[in-house]
Structures are given as structure tokens and as C-alpha cells.
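K.L.:
Structure supplied as model.txt; contents: compact mmCIF, C-alpha atoms.
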```txt
# COMPACT_ATOMS: atom_id res chain seq x y z
CA MET J 235 0.00 0.00 0.00
CA SER J 236 1.27 3.50 -0.73
CA PHE J 237 0.66 7.02 0.47
CA LEU J 238 1.65 10.22 -1.28
CA ILE J 239 2.86 13.03 0.96
CA PRO J 240 2.09 16.52 -0.44
CA PHE J 241 4.86 19.10 -0.08
CA ILE J 242 4.09 22.79 -0.34
CA LEU J 243 6.91 23.44 -2.80
CA PHE J 244 7.77 20.25 -4.57
CA GLY J 245 4.87 17.99 -5.51
CA VAL J 246 4.51 14.51 -4.00
CA TRP J 247 6.80 12.01 -2.23
CA ASP J 248 6.03 8.35 -1.61
CA ILE J 249 5.57 6.11 1.44
CA LYS J 250 4.67 2.42 1.38
CA PHE J 251 4.64 -0.35 3.95
CA HIS J 252 6.00 -3.88 4.04
CA ASP J 253 3.87 -6.55 5.70
CA GLY J 254 5.11 -9.72 4.01
CA ASN J 255 5.77 -11.43 7.35
CA ASN J 256 5.06 -10.73 11.05
CA ILE J 257 6.34 -7.13 10.76
CA ARG J 258 4.62 -4.05 9.35
CA CYS J 259 7.27 -1.45 8.48
CA TRP J 260 6.76 1.79 6.60
CA VAL J 261 9.45 2.98 4.18
CA SER J 262 9.87 6.13 2.10
CA ASN J 263 11.74 7.31 -0.98
CA PHE J 264 13.41 10.20 0.85
CA GLY J 265 15.64 8.55 3.46
CA GLU J 266 13.17 7.90 6.29
CA PHE J 267 11.76 4.58 7.47
CA GLY J 268 9.72 3.35 10.42
CA GLN J 269 7.33 6.29 10.22
CA LYS J 270 3.86 6.64 8.68
CA ALA J 271 2.60 9.71 6.89
CA GLY J 272 1.72 12.48 9.30
CA ASP J 273 4.69 11.80 11.61
CA ARG J 274 3.15 8.69 13.18
CA PRO J 275 4.98 5.57 14.42
CA GLY J 276 5.59 3.05 11.64
CA LEU J 277 7.32 -0.14 12.85
CA GLU J 278 4.81 -2.61 14.29
CA TRP J 279 5.39 -6.11 15.66
CA PRO J 280 3.50 -8.35 15.52
CA LYS J 281 1.57 -6.64 12.74
CA GLY J 282 -1.94 -5.82 13.82
CA SER J 283 -1.01 -5.85 17.51
CA GLY J 284 -0.79 -2.08 17.94
CA TYR J 285 2.72 -2.35 19.45
CA TYR J 286 5.00 0.13 17.70
CA TYR J 287 8.75 0.19 18.26
CA LEU J 288 9.95 3.23 16.27
CA PHE J 289 8.52 6.72 15.99
CA GLY J 290 10.85 7.38 13.08
CA ALA J 291 14.28 6.53 11.70
CA GLY J 292 16.53 7.24 8.76
CA ILE J 293 19.90 7.06 7.10
CA TRP J 294 22.82 9.44 7.81
CA PHE J 295 25.89 9.86 5.62
CA GLY J 296 28.89 12.01 6.54
CA ALA J 297 32.26 12.96 5.04
CA ILE J 298 35.02 15.58 5.17
CA LEU J 299 35.19 17.57 1.91
CA PRO J 300 37.17 19.45 3.54
CA ASP J 301 34.05 20.88 5.18
CA THR J 302 32.60 18.44 7.69
CA CYS J 303 29.22 17.45 6.23
CA VAL J 304 26.45 15.11 7.34
CA SER J 305 23.34 14.55 5.22
CA MET J 306 20.33 13.27 7.12
CA GLY J 307 17.47 11.17 5.84
CA TYR J 308 15.78 11.81 9.18
CA ASN J 309 16.51 14.60 11.63
CA PRO J 310 15.17 13.44 15.01
CA ASN J 311 15.11 17.03 16.27
CA THR J 312 12.66 18.20 13.62
CA GLY J 313 11.22 15.05 12.04
CA SER J 314 12.28 16.31 8.60
CA GLY J 315 15.32 15.41 6.50
CA GLU J 316 17.79 16.54 3.85
CA CYS J 317 17.21 13.79 1.28
CA VAL J 318 14.92 14.08 -1.73
CA PRO J 319 13.42 11.53 -4.16
CA GLY J 320 15.14 10.57 -7.39
CA LEU J 321 18.65 10.52 -8.84
CA CYS J 322 21.14 13.37 -8.68
CA ARG J 323 21.05 13.80 -12.46
CA GLN J 324 17.24 14.22 -12.38
CA GLY J 325 17.50 17.29 -10.16
CA THR J 326 14.30 18.96 -9.04
CA THR J 327 12.39 17.47 -11.98
CA ALA J 328 12.25 14.23 -9.98
CA TYR J 329 9.68 15.75 -7.62
CA GLN J 330 7.05 15.74 -10.40
CA ASN J 331 8.26 12.62 -12.21
CA PRO J 332 5.59 9.87 -11.91
CA TYR J 333 8.27 7.18 -12.21
CA VAL J 334 10.10 8.42 -9.10
CA LYS J 335 8.38 6.34 -6.43
CA ILE J 336 8.70 3.17 -4.40
CA TYR J 337 8.43 0.00 -6.47
CA ILE J 338 7.15 -2.92 -4.42
CA TYR J 339 6.52 -6.49 -5.52
CA PRO J 340 3.97 -7.67 -6.55
CA GLU J 341 1.84 -4.48 -6.72
CA ILE J 342 4.26 -2.25 -8.68
CA TRP J 343 7.17 -4.13 -10.25
CA PRO J 344 9.72 -3.95 -11.81
CA PRO J 345 11.21 -0.44 -11.87
CA PRO J 346 11.60 0.77 -15.48
CA LYS J 347 15.11 0.04 -16.72
CA ASP J 348 15.17 2.97 -19.15
CA THR J 349 14.72 5.38 -16.21
CA PHE J 350 16.58 3.40 -13.53
CA PRO J 351 19.18 1.13 -15.16
CA MET J 352 20.66 0.31 -11.73
CA ALA J 353 17.35 -1.05 -10.37
CA PRO J 354 16.69 -4.80 -9.98
CA ASP J 355 14.32 -6.55 -12.38
CA THR J 356 14.04 -9.79 -10.42
CA THR J 357 12.95 -10.38 -6.83
CA LEU J 358 14.83 -12.12 -4.04
CA THR J 359 12.08 -12.50 -1.41
CA PHE J 360 8.32 -12.64 -1.01
CA GLU J 361 8.10 -8.83 -0.82
CA ASP J 362 10.90 -6.71 -2.32
CA SER J 363 10.84 -2.95 -2.71
CA TRP J 364 13.21 -0.53 -4.43
CA CYS J 365 13.56 3.23 -4.70
CA CYS J 366 16.23 5.90 -5.06
CA PHE J 367 16.93 9.22 -3.41
CA ASN J 368 19.73 11.75 -3.03
CA GLU J 369 20.85 14.65 -0.84
CA ASN J 370 21.95 17.00 -3.60
CA ASP J 371 19.30 19.73 -3.31
CA PRO J 372 20.70 22.62 -1.22
CA LYS J 373 17.16 23.88 -0.53
CA PHE J 374 16.76 21.03 1.95
CA HIS J 375 20.03 21.76 3.77
CA ASP J 376 20.47 24.42 6.39
CA PRO J 377 22.24 27.24 4.50
CA GLU J 378 24.21 28.10 7.62
CA ASP J 379 25.39 24.51 8.12
CA THR J 380 27.54 23.24 5.21
CA HIS J 381 26.13 21.81 1.99
CA PRO J 382 25.24 18.61 0.05
CA ILE J 383 27.93 15.94 -0.33
CA GLY J 384 26.94 14.70 -3.79
CA VAL J 385 25.77 11.12 -3.23
CA GLU J 386 22.67 9.17 -4.16
CA PHE J 387 21.18 6.08 -2.55
CA TYR J 388 19.51 2.98 -3.97
CA GLN J 389 17.28 1.50 -1.28
CA SER J 390 16.11 -2.12 -1.31
CA VAL J 391 13.92 -3.57 1.44
CA TYR J 392 13.05 -7.26 1.83
CA ALA J 393 10.41 -9.14 3.85
CA ASP J 394 9.71 -12.86 3.66
CA PRO J 395 7.63 -15.41 5.63
CA GLY J 396 10.71 -17.65 5.59
CA CYS J 397 12.30 -15.22 8.04
CA SER J 398 9.12 -14.10 9.74
CA ASP J 399 10.49 -11.78 12.44
CA ALA J 400 13.09 -9.81 10.47
CA ILE J 401 13.09 -7.15 7.76
CA PHE J 402 16.17 -6.31 5.69
CA PHE J 403 17.43 -2.94 4.40
CA ARG J 404 20.13 -2.46 1.77
CA TYR J 405 21.42 1.05 1.00
CA ARG J 406 23.80 1.32 -1.94
CA VAL J 407 25.48 4.73 -1.83
CA LYS J 408 27.11 6.18 -4.97
CA ASN J 409 29.54 9.06 -5.34
CA CYS J 410 28.00 11.24 -8.07
CA THR J 411 30.76 13.85 -8.04
CA THR J 412 34.04 14.00 -9.91
CA ASN J 413 36.05 14.12 -6.69
CA LEU J 414 37.07 11.62 -4.05
CA ILE J 415 34.78 11.56 -1.00
CA PRO J 416 37.11 10.76 1.93
CA GLU J 417 36.42 9.81 5.54
CA GLY J 418 32.93 8.51 4.78
CA VAL J 419 30.66 7.30 7.57
CA ILE J 420 27.15 5.91 7.25
CA GLY J 421 24.60 4.86 9.81
CA ILE J 422 21.09 4.70 11.21
CA VAL J 423 19.50 7.23 13.54
CA ALA J 424 16.22 6.32 15.23
CA ASP J 425 13.65 7.45 17.78
CA PRO J 426 12.34 4.38 19.66
CA ILE J 427 8.78 4.63 20.96
CA ILE J 428 8.95 1.70 23.39
CA PRO J 429 7.59 2.71 26.83
CA ASN J 430 10.44 2.80 29.39
CA CYS J 431 12.88 1.96 26.60
CA ARG J 432 16.25 0.55 27.59
CA ALA J 433 19.11 -0.84 25.53
CA GLY J 434 21.75 -3.54 25.62
CA TYR J 435 24.63 -4.87 23.55
CA VAL J 436 26.02 -8.24 22.56
CA PHE J 437 29.73 -8.30 21.70
CA ASN J 438 31.62 -11.34 20.34
CA ARG J 439 29.58 -14.09 21.99
CA TRP J 440 28.76 -17.68 21.10
CA PHE J 441 25.32 -19.07 21.92
CA TRP J 442 24.05 -22.62 22.18
CA VAL J 443 20.29 -23.07 21.61
CA GLY J 444 19.22 -26.70 21.55
CA GLY J 445 21.52 -28.32 19.01
CA ASP J 446 22.25 -25.02 17.25
CA SER J 447 25.39 -22.99 17.97
CA PHE J 448 25.94 -19.51 16.60
CA TYR J 449 28.11 -16.44 17.02
CA ILE J 450 27.05 -12.78 17.25
CA ASP J 451 29.75 -10.16 16.81
CA THR J 452 27.91 -6.88 17.55
CA LEU J 453 24.20 -6.41 18.26
CA LEU J 454 22.25 -3.46 19.63
CA TYR J 455 18.88 -4.37 21.14
CA LEU J 456 16.02 -2.37 22.68
CA TYR J 457 13.41 -3.45 25.20
CA GLY J 458 10.88 -1.97 27.62
CA ASP J 459 7.21 -2.37 28.45
CA HIS J 460 6.26 -3.84 25.07
CA PRO J 461 5.96 -7.65 24.98
CA GLY J 462 8.87 -7.97 22.55
CA MET J 463 12.43 -6.83 21.90
CA LEU J 464 13.96 -5.15 18.84
CA GLY J 465 17.47 -5.94 17.59
CA ILE J 466 19.48 -3.89 15.07
CA TYR J 467 22.22 -5.91 13.37
CA LEU J 468 24.63 -4.82 10.63
CA LEU J 469 24.97 -7.49 7.93
CA SER J 470 27.32 -5.81 5.47
CA THR J 471 29.30 -2.57 5.67
CA PRO J 472 31.49 -0.60 3.25
CA GLU J 473 34.88 -2.28 2.90
CA GLN J 474 33.62 -4.76 5.54
CA LYS J 475 34.59 -2.26 8.23
CA GLY J 476 32.00 -3.56 10.69
CA PRO J 477 30.27 -1.39 13.31
CA LEU J 478 32.11 1.80 14.25
CA GLY J 479 30.07 2.97 17.22
CA CYS J 480 26.70 3.49 18.84
CA MET J 481 25.77 6.72 20.58
CA PHE J 482 22.61 7.50 22.56
CA ILE J 483 22.29 11.04 21.35
CA ASP J 484 19.19 12.35 23.15
CA THR J 485 21.38 13.73 25.94
CA LEU J 486 24.00 15.18 23.55
CA ASP J 487 21.55 16.67 21.02
CA PRO J 488 23.83 17.70 18.10
CA THR J 489 22.81 20.88 16.29
CA CYS J 490 25.32 21.11 13.41
CA ASP J 491 27.09 18.79 10.97
CA ARG J 492 30.41 18.94 12.78
CA GLU J 493 28.77 17.66 15.98
CA ARG J 494 26.81 15.00 14.08
CA TYR J 495 29.94 13.76 12.30
CA LEU J 496 31.87 13.40 15.56
CA LEU J 497 28.98 11.41 17.05
CA MET J 498 28.97 9.19 13.96
CA LYS J 499 32.61 8.40 14.71
CA GLY J 500 31.75 7.57 18.32
CA ILE J 501 33.20 10.79 19.75
CA ASN J 502 31.52 12.97 22.37
CA PHE J 503 31.73 16.39 20.70
CA ARG J 504 31.43 18.17 24.05
CA THR J 505 34.38 16.47 25.74
CA GLY J 506 36.35 15.10 22.79
CA ASP J 507 36.30 11.64 24.37
CA SER J 508 36.35 8.72 21.94
CA ILE J 509 33.64 6.41 23.27
CA GLY J 510 32.78 4.05 20.41
CA PHE J 511 29.90 2.17 21.96
CA MET J 512 28.28 4.42 24.54
CA PRO J 513 26.97 2.71 27.68
CA PRO J 514 23.15 2.77 27.55
CA ALA J 515 21.38 5.28 29.76
CA GLU J 516 18.53 4.36 32.11
CA SER J 517 16.09 5.58 29.48
CA VAL J 518 16.80 5.53 25.74
CA GLU J 519 15.06 8.04 23.50
CA ARG J 520 17.37 8.18 20.47
CA PHE J 521 20.34 6.24 19.09
CA LEU J 522 22.88 6.45 16.26
CA LEU J 523 24.55 3.25 14.98
CA THR J 524 27.32 3.72 12.41
CA THR J 525 30.12 2.18 10.35
CA GLY J 526 33.22 3.59 8.64
CA THR J 527 35.41 5.20 7.75
CA PHE J 528 35.77 4.58 4.02
CA ALA J 529 36.44 6.49 0.81
CA LEU J 530 34.32 6.71 -2.34
CA GLU J 531 36.04 7.32 -5.67
CA PRO J 532 34.05 9.18 -8.36
CA GLY J 533 31.28 6.86 -9.55
CA GLU J 534 32.08 4.26 -6.89
CA GLU J 535 29.33 2.49 -4.92
CA GLU J 536 29.31 0.81 -1.51
CA ASP J 537 26.65 -1.25 0.29
CA PHE J 538 25.32 -0.75 3.80
CA VAL J 539 22.99 -3.57 4.88
CA PHE J 540 21.21 -4.13 8.17
CA THR J 541 18.27 -6.04 9.58
CA LEU J 542 15.64 -5.20 12.19
CA VAL J 543 14.81 -8.35 14.15
CA PHE J 544 12.20 -9.09 16.82
CA GLY J 545 11.86 -11.68 19.58
CA GLU J 546 9.83 -12.16 22.74
CA ASP J 547 12.93 -12.38 24.96
CA THR J 548 16.70 -12.20 24.65
CA LEU J 549 17.19 -15.86 23.80
CA GLU J 550 14.57 -15.81 21.06
CA LEU J 551 15.86 -12.48 19.78
CA PHE J 552 19.46 -13.68 19.55
CA HIS J 553 18.38 -16.87 17.81
CA ASN J 554 16.24 -14.85 15.37
CA VAL J 555 19.26 -12.64 14.62
CA HIS J 556 21.20 -15.80 13.77
CA LYS J 557 18.36 -17.01 11.52
CA ALA J 558 18.17 -13.59 9.84
CA ARG J 559 21.90 -13.66 9.11
CA LEU J 560 21.59 -17.14 7.57
CA PHE J 561 18.61 -16.00 5.49
CA TYR J 562 20.60 -13.02 4.27
CA GLU J 563 23.63 -15.15 3.36
CA GLN J 564 21.52 -17.71 1.53
CA ASN J 565 19.13 -15.37 -0.29
CA LEU J 566 20.34 -11.77 -0.43
CA SER J 567 24.11 -11.49 -0.25
CA VAL J 568 25.15 -12.47 -3.77
CA SER J 569 27.41 -9.45 -4.19
CA GLU J 570 28.88 -9.93 -0.71
CA ARG J 571 29.63 -13.59 -1.46
CA GLU J 572 31.51 -12.58 -4.59
CA SER J 573 33.59 -9.95 -2.80
CA GLY J 574 34.23 -11.55 0.57
CA GLY J 575 32.42 -10.81 3.81
CA MET J 576 31.20 -13.34 6.35
CA ASN J 577 31.49 -16.93 5.19
CA ARG J 578 29.08 -19.68 6.15
CA PRO J 579 30.32 -21.76 9.13
CA VAL J 580 32.55 -24.74 8.33
CA ILE J 581 32.49 -27.95 10.38
CA ALA J 582 35.75 -29.85 10.83
CA THR J 583 36.25 -33.13 12.71
CA ILE J 584 39.88 -33.99 13.34
CA ALA J 585 41.91 -36.47 15.34
CA SER J 586 45.37 -34.96 14.72
CA THR J 587 47.26 -32.50 16.91
CA SER J 588 47.23 -29.55 14.47
CA LEU J 589 44.91 -27.66 12.13
CA GLU J 590 45.96 -25.71 9.05
CA ILE J 591 44.51 -22.17 9.34
CA GLY J 592 46.28 -20.58 6.38
CA PRO J 593 47.07 -16.87 5.97
CA ALA J 594 45.16 -14.76 8.49
CA SER J 595 45.37 -11.49 10.39
CA TYR J 596 44.47 -13.38 13.56
CA TYR J 597 42.23 -16.11 14.91
CA ARG J 598 40.31 -16.54 18.17
CA ILE J 599 39.25 -19.82 19.77
CA PHE J 600 36.09 -20.32 21.87
CA ASP J 601 34.79 -23.26 23.85
CA ARG J 602 31.22 -24.52 23.45
CA CYS J 603 30.00 -22.08 26.14
CA GLY J 604 31.31 -19.10 24.19
CA ARG J 605 34.33 -18.40 26.40
CA GLU J 606 37.46 -17.25 24.58
CA ILE J 607 40.26 -19.68 25.38
CA GLY J 608 42.99 -18.71 22.91
CA TYR J 609 44.12 -16.57 20.02
CA GLY J 610 46.99 -16.28 17.57
CA SER J 611 48.05 -15.55 14.00
CA GLU J 612 50.17 -18.56 13.02
CA PRO J 613 49.14 -20.41 9.83
CA LYS J 614 48.99 -23.72 11.77
CA LEU J 615 47.05 -24.13 15.03
CA ASP J 616 48.61 -26.45 17.61
CA LEU J 617 45.85 -28.63 19.15
CA SER J 618 48.06 -30.82 21.33
CA GLY J 619 46.83 -29.12 24.52
CA PHE J 620 43.11 -29.31 23.65
CA SER J 621 40.85 -31.90 25.23
CA PRO J 622 38.36 -33.79 23.05
CA GLY J 623 35.19 -31.78 22.50
CA ILE J 624 33.55 -29.00 20.51
CA TYR J 625 35.28 -25.67 19.82
CA PHE J 626 34.72 -22.65 17.57
CA ILE J 627 37.37 -20.72 15.66
CA MET J 628 36.87 -17.22 14.25
CA VAL J 629 39.48 -16.34 11.62
CA ASP J 630 39.99 -12.80 10.32
CA ARG J 631 41.41 -13.12 6.81
CA HIS J 632 42.14 -9.43 6.25
CA HIS J 633 38.56 -8.12 6.73
CA ARG J 634 36.83 -11.36 5.73
CA ILE J 635 35.60 -13.39 8.69
CA ASP J 636 35.53 -17.21 8.55
CA ILE J 637 33.86 -19.22 11.32
CA MET J 638 34.72 -22.88 11.91
CA LYS J 639 33.07 -25.39 14.21
CA LEU J 640 35.79 -27.79 15.34
CA VAL J 641 35.17 -31.27 16.79
CA ILE J 642 38.29 -32.86 18.29
CA ILE J 643 38.33 -36.63 18.81
CA ARG J 644 41.19 -38.63 20.24
```
Would you give me this structure, written as C-alpha cells?
P.N.:
Amino acid sequence: MSFLIPFILFGVWDIKFHDGNNIRCWVSNFGEFGQKAGDRPGLEWPKGSGYYYLFGAGIWFGAILPDTCVSMGYNPNTGSGECVPGLCRQGTTAYQNPYVKIYIYPEIWPPPKDTFPMAPDTTLTFEDSWCCFNENDPKFHDPEDTHPIGVEFYQSVYADPGCSDAIFFRYRVKNCTTNLIPEGVIGIVADPIIPNCRAGYVFNRWFWVGGDSFYIDTLLYLYGDHPGMLGIYLLSTPEQKGPLGCMFIDTLDPTCDRERYLLMKGINFRTGDSIGFMPPAESVERFLLTTGTFALEPGEEEDFVFTLVFGEDTLELFHNVHKARLFYEQNLSVSERESGGMNRPVIATIASTSLEIGPASYYRIFDRCGREIGYGSEPKLDLSGFSPGIYFIMVDRHHRIDIMKLVIIR
């Protein structure tokens, strides 16, 4: 279903919702998501329950040009944003172009290739959507606070009953200028609307649920008086940088691009302290989760992919995050598979006293309870001191992570 939002100056912009599984999530073609028309909450789980988890959210992109610039799909202070529908080359004509809208399968599909040659023409899930937007119109930027960066975004959103409690977002950002964009950072800013909202993290932990073992590197999750919990998990980042930081920005309240950029890098702009992942406050009203830094050459594109996942409690949530990651790897991450990224777990059963790791930046070893018991960087792992049992090895092969489940028998 779609809604057209009238703007006083520039025609109509589009909002549609996904409800192809247990989640109803509203998306737009101007950088916001999780918000209905009329500034109303727009992320509901389970759909039809009346429990909303976000008042609004959106994409942020920052760089140093040398001016410090941040372009916001959603400004939590005002509810507006600096992104506009369409491609950079379409300019302001996009605001009246009937083809500039959200394409969602099966109602409106596929996007026309003659207008959007970069758009997909096949679907990957039960309910795919695609749209494009940019931040290149200076009228939507504060004239006293820097200027557009010169990028455009191709947004794909996926929902499927095969992964019933997760929805997937892919933002492909393209440098549309003739200059290098250095020190790029990209992330999500959001206003939760969970009563008595609190937050937690998971860092580098193994979990064992029934006969299923899985690893979570970095997860932000929110909970409160709603019957469920919301997790935000980054699936793919530019240059596989991984998460850079998470800041709870309601207490800091940035008012200019320089302050926003420092927060995106995990730095408290008031004190200059580099925090990275900020300890959650007693009450969470707003957060910013980011990755970077990376550079974009002229015409270059990079992907930023994340999933919003729900569960009734922490154990179910963490397991659903694992299932969402598997669904992504099996169904959505074709480009990531070709270029590296997180490999599917490998199972090895050995009876010898060594294991060939191969070239690697480092590896870490965990027991079946998720406790780290060793690390190293040698190409061959000495197992002579290991008792028979189940272990897990995480190998960093220069920004590509391999995970191995190891069964030692004697």
C-alpha cells in the first residue's frame, strides 16, 4: 500500500509499507523509514497488535570535503530530513516525475530500466521494494550549516515469511561527483517509541540453543514495556569495516554537521572523548549506529545492509538474529559472497594435533560455552593441549571473517 505526501513546494513524495511477514514497516523514498505519513509511528510487531517500536528513523551519511558534512534522511530534532526523491542527475524534476516512487513487488514491479538502469528486475524474497533518493538539493540543507555531499542512494527492502520476524534494508550509496569523497561514515539514527525503553549490547559471543550454535559479533537491542524486543544488526558494511560505534544522542543533542559527524565516529563532541559504543542510559530516546570510515572514488558504490529483528525475549531475539543472518547469506548477499564478507560456518572433525589455518590477520578460539580460550596468528594451530570436545574458531582473513566449528576426537 502507498501514500503520497504533499509538499508545499515540490509535488509529491512516496511512502509504502511492508507486511510480508510478522512485521509491518513503513518505508519512504526520501531517506526515512519506520514512520507513517503524518509523523506517526511506523514499525509494528507483531503486525496488527498495535505495538510500535519506532517513531521514526533514517539514514545518515557524513564525510570531510574538507568541510565536515552530514546529510540526514531523518533529523530526530525536527522530524524532517535533507534527502529528496530521485537521482542526482534528475534534479528537481524528480519531484514531479511519476516514475520516481517506491516500487514494491507484486503491486508495482519492476522499476523501469530505461529510467533506472541500476534497479533490480528480479525479486529475491516474497516482498521486495526498491527506490532511489539523493541529498543534492541545497534547498533542503540548512544554508548556515555546510552543503550537500553529492551522493545518491539505492534502497532495497526485503520481507519474507521464511524469516518471519526480520526485515532487511540495503542502501547502496554512490559518489555522483568528480572528486574523491574521503572519511565517509554511514549509519542509522532512530527514535524508539517503546515505553520505558532501555538498551543492551552483545559483543563477540557464542550461543548454544538446543543443538544449534551460533556467534554474534555486535548487536544493539532495545526493550521496555512492550511484549517484545527489537534488535538492530549490521549485515554488510562498506569495505567490511563492521560497526564503528553506537551513541545515545538524546542527551548530547547535536545541532550542526560537525557535531553529528563526531557522534557518527563515536566521539563525544562536548568532551572530545572517543567512546565508540556508549553505555546505555537508564532511558533511551534516540540512538545512532554507524560504520566507517571509508572512501568513495568518483562513480564508486558501496553497500550498507542491516536487519531489524524481533523476539519475545533475549534468547529468542538472539536466535532470530542468527536465523536472519543465515537468510541473508543464503538469499540476499550475492554481491557480498563474490567480494568476501562473512562466510558460512565450516564444520571440521579432526583427530590430529594440528589444524591448518592458512594466511590470516588473527584467529580466536572459543569453547562450546562461548568463552574465549585462545588466540593467535600462526598459519597452523597447535591442538596438542586441547581436550576432546567442541570448539569454535573465528578467523579474520584481512577483513573477511571465517567461522569454523571444530570437533576434536582422540
K.L.:
Give me the residues of region 422-479 of chain J that have any atom at most 12 Å from an atom of region 637-640 of chain J; for each, the nearest atom pair and the distance in Å, rounded to one decimal. Use only C-alpha atoms, sort by chain and number, and format it as CSV.
P.N.:
```
residue,atom,partner,partner_atom,distance
J:Trp440,CA,J:Ile637,CA,11.1
J:Asp446,CA,J:Lys639,CA,11.2
J:Ser447,CA,J:Lys639,CA,8.9
J:Phe448,CA,J:Ile637,CA,9.5
J:Tyr449,CA,J:Ile637,CA,8.6
J:Ile450,CA,J:Ile637,CA,11.1
J:Asp451,CA,J:Ile637,CA,11.4
```
K.L.:
Between J:Thr327, J:Thr302, J:Thr356, J:Asn438, single out the one closest to Arg605 (chain J), counting all atoms listed in the file.
P.N.:
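Smallest distance to Arg605 (chain J) is found for J:Asn438.
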K.L.:
Figure out the distance between CA of Ile599 (chain J) and CA of Ser611 (chain J), please, to one decimal in Å.
P.N.:
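Interatomic distance here is 11.4 Å.
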K.L.:
Would you place a box with edges along x, y and z of the file around all atoms of region 558-564 of chain J listed there, add 3 Å to each of its six sides, and report the centre and edge lengths in Å to one decimal, as JSON?
P.N.:
```
{"center_x": 20.9, "center_y": -15.4, "center_z": 5.7, "size_x": 11.5, "size_y": 10.7, "size_z": 14.3}
```
K.L.:
Closest to Pro488 (chain J) among J:Asn502, J:Ser398, J:Thr541, J:Ser517, using only C-alpha atoms?
P.N.:
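Using only C-alpha atoms, Pro488 (chain J) sits closest to J:Asn502.
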K.L.:
Go through J:Thr359, J:Asn554, J:Asn311, J:Gln389 and flag the residue nearest Phe264 (chain J), using all atoms listed in the file for the distances.
P.N.:
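Smallest distance to Phe264 (chain J) is found for J:Gln389.
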K.L.:
With all atoms listed in the file as the atoms that count, which of J:Arg559, J:Leu456, J:Gly265, J:Asp376 lies nearest to Pro429 (chain J)?
P.N.:
J:Leu456
K.L.:
To one decimal place, how far is CA of Glu278 (chain J) from CA of Gly315 (chain J) in Å?
P.N.:
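CA of Gly315 (chain J) lies at a distance of 22.3 Å from CA of Glu278 (chain J).
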K.L.:
For Pro344 (chain J), list every protein, DNA or RNA residue within 10 Å, evaluated using only C-alpha atoms, and leave out those in the same chain fewer than 6 positions away; present the list as a list in words.
P.N.:
Tyr337, Ile338, Ala353, Pro354, Asp355, Thr356, Thr357, Asp362, Ser363 and Trp364 of chain J
K.L.:
Compute the distance from (34.5, 17.8, 13.0) to each atom, counting all atoms listed in the file, keep the residues with any atom at most 10 Å away, and return them as a PyMOL selection string; use the coordinates of the file.
P.N.:
chain J and resi 297-298+300-303+490-497+499+501+503
K.L.:
May I have the residues within 12 Å of Gly476 (chain J) as a list of chain:residue names, using all atoms listed in the file and disregarding those fewer than 6 positions away in the same chain?
P.N.:
J:Val419, J:Ile420, J:Gly421, J:Asp451, J:Thr452, J:Leu453, J:Tyr467, J:Leu468, J:Leu469, J:Ser470, J:Leu523, J:Thr524, J:Thr525, J:Gly526, J:Thr527, J:Phe528, J:Asp537, J:Phe538, J:Val539, J:Phe540, J:Gly575, J:Met576, J:His633, J:Arg634, J:Ile635
K.L.:
Which is closer to Lys281 (chain J) than all the others in J:Asn256, J:Asn263, J:Gln269, J:Asn331, using only C-alpha atoms?
P.N.:
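Selected residue with least distance to Lys281 (chain J): J:Asn256.
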